[in-house]
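Have a look at the structure below before the remarks.
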Amino acid sequence: MLHARDRQLDGLRTLAISMVLYAHFFAADGSHWGHIGVRLFFVLSGFLITRLLLEARSTTQYKPGTAIGSFYIRRALRIFPPYFAVLSFVWLVNLEQARGSIKWHALYLSNFWYALRDEWTPWVLCHTWSLSIEEQFYVAWPLVILLAPRRWLEPICMALIACSLAYRFYWPFTGTPSLARDLLPPASMDALVAGALLALHRARSQTLPQWMRLSSAPLLVATAILMWLKPLPLSPTLAWVNWIGLEVLPLVPLTALVGYSSSGLRGTPGRLLESPPMTAVGRVSYGVYLFHPIVLSFVVSAQPWIPFNVSEQGFGRLILGTTGTLALAAISWLAFEKPLNQLKRYFPYVPQRRLQPTYDAPSATALSKAGQVQELQIATPLRVERCPPR
């Protein structure tokens, strides 16, 4: 029932984490690529989680309690060990004086911590805001997918997306921007639920809606224009328009990209996403995202012993930070995460059906007929040419 790993979706994870590393290690302040990478992660999460839950729900052995319990245990096995290992390390060494906020991060309330303070302090854990958003989504969403009537699911998704858009358009009327506009859950529900809506659509059709196919390219062009305008000096009104556009316009192309990749892109894009380097990095992308600020902190601290500049954004920081992060993520995956991840097989979404042996002896007549059919099949010569060996 459940899918094996989607190779092209692993490739998309690599694309998403590459945007994040580019924004945090190389690009100048104000780059929006990292945020778009996080939004792609959100769409992927919403799609994959919803697809798994829908497939569990569609089986004859489906039991809501078993599916919900297995979901939470499987998520905990995948997410908690490396996450709490990082928090423990940060607390132990008090990295970047982050010890005082650890309890917020441990409760997956990082987004609320930064939103309430309206500043990225401590910066070494600022990336955990998106992990908190996903965890808050994981707590509630299985209850919706597994317990709500099936006919209500798509209207629920569309209502949540509408509420998220309304939340964004509310902020220009508040006066000054703040971190809360990007970090509170409504700001990210549109991306997570867009992925879920894609999974619901895929449950009945393998082709994307025509409006999505036709609108993706124009929306990509509009996004590229806004990305080009973002660093330029803009009036407050144009700055708000630019911000809303960069939040809203990429959503449909990102969702379409996930949809195309989940069914298998053909040609060069598909081969690129399925290439071993792309799938390998995608497999450890959670670790890459989790560890990269920790690595950056140590890289910057080691500047006196490094012959090129890593104290500022640029090629030196990108090369050394990315290399160190990938190495740490690979070690974590092989030695720590992968063995724990394999325990998920003990917690299936649906109870495993045990086949009971049948002891009713077949009748002599049935055995005789079966033997006659077998003899007839063996005795009848094939009237086609033999296939060449492959």
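Chain labels A, B, ... are given in the sequence in which chains occur in the structure tokens; within each chain residues are numbered consecutively from 1, and ligands are likewise numbered from 1 in the order shown.
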Item checked: All residues 9 Å or closer to Leu15 in chain A, only C-alpha atoms, same chain fewer than 3 positions away omitted, as a PyMOL selection string -> chain A and resi 10-12+18-20+37+40+273+278+282
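Look at Val241 in chain A: the protein and nucleic acid residues within 10 Å of it, using only C-alpha atoms and passing over chain neighbours fewer than 6 places away, are Phe169, Pro172, Leu226, Leu234, Ser235 and Glu247 of chain A.
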Next item on the list: Name the residues in contact with Leu320 in chain A at a cut-off of 10 Å, using only C-alpha atoms, excluding same-chain residues fewer than 3 positions from it; report them as a PyMOL selection string.
Entry: chain A and resi 25+295-296+299+306+308+310+315-317+323-325
Store the residues picked out above in a file with N, CA and C atoms, as a short mmCIF file (atom, residue, chain, number, x, y, z; two decimals), in the first residue's frame.
```
data_model
loop_
_atom_site.label_atom_id
_atom_site.label_comp_id
_atom_site.auth_asym_id
_atom_site.auth_seq_id
_atom_site.Cartn_x
_atom_site.Cartn_y
_atom_site.Cartn_z
N PHE A 25 24.35 30.89 3.47
CA PHE A 25 25.80 30.84 3.38
C PHE A 25 26.39 31.81 2.35
N VAL A 295 26.88 24.17 12.26
CA VAL A 295 28.15 24.15 11.53
C VAL A 295 28.62 25.57 11.25
N LEU A 296 27.71 26.44 10.85
CA LEU A 296 28.08 27.82 10.55
C LEU A 296 28.68 28.51 11.76
N VAL A 299 32.20 27.29 12.08
CA VAL A 299 33.03 27.78 10.97
C VAL A 299 33.44 29.23 11.21
N ILE A 306 41.42 29.70 9.33
CA ILE A 306 40.96 29.42 7.96
C ILE A 306 41.55 30.45 7.03
N PHE A 308 40.77 31.64 4.15
CA PHE A 308 39.89 32.47 3.33
C PHE A 308 38.73 32.95 4.20
N VAL A 310 35.37 33.41 5.88
CA VAL A 310 34.12 32.73 6.16
C VAL A 310 33.26 33.53 7.14
N PHE A 315 31.60 32.81 -1.23
CA PHE A 315 31.99 31.48 -1.68
C PHE A 315 32.69 30.68 -0.59
N GLY A 316 33.56 31.34 0.19
CA GLY A 316 34.27 30.63 1.23
C GLY A 316 33.34 30.01 2.24
N ARG A 317 32.38 30.80 2.71
CA ARG A 317 31.41 30.29 3.67
C ARG A 317 30.55 29.20 3.03
N THR A 323 30.16 21.81 2.89
CA THR A 323 30.92 20.57 3.03
C THR A 323 30.79 20.01 4.44
N GLY A 324 30.98 20.87 5.43
CA GLY A 324 30.86 20.41 6.81
C GLY A 324 29.47 19.93 7.15
N THR A 325 28.47 20.64 6.65
CA THR A 325 27.08 20.25 6.94
C THR A 325 26.74 18.92 6.31
#
```
Check: Do you know which residues are at most 9 Å from Gly69 in chain A counting only C-alpha atoms, after dropping those on the same chain fewer than 5 positions away, and could you put them as a list of chain:residue names?
Finding: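 Near neighbours after the sequence-gap exclusion: A:Pro64, A:Arg74, A:Phe347, A:Tyr349.
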Item checked: Between CA of Tyr83 in chain A and CA of Asn341 in chain A, distance in Å (one decimal) ->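 Separating CA of Tyr83 in chain A from CA of Asn341 in chain A is a distance of 13.8 Å.
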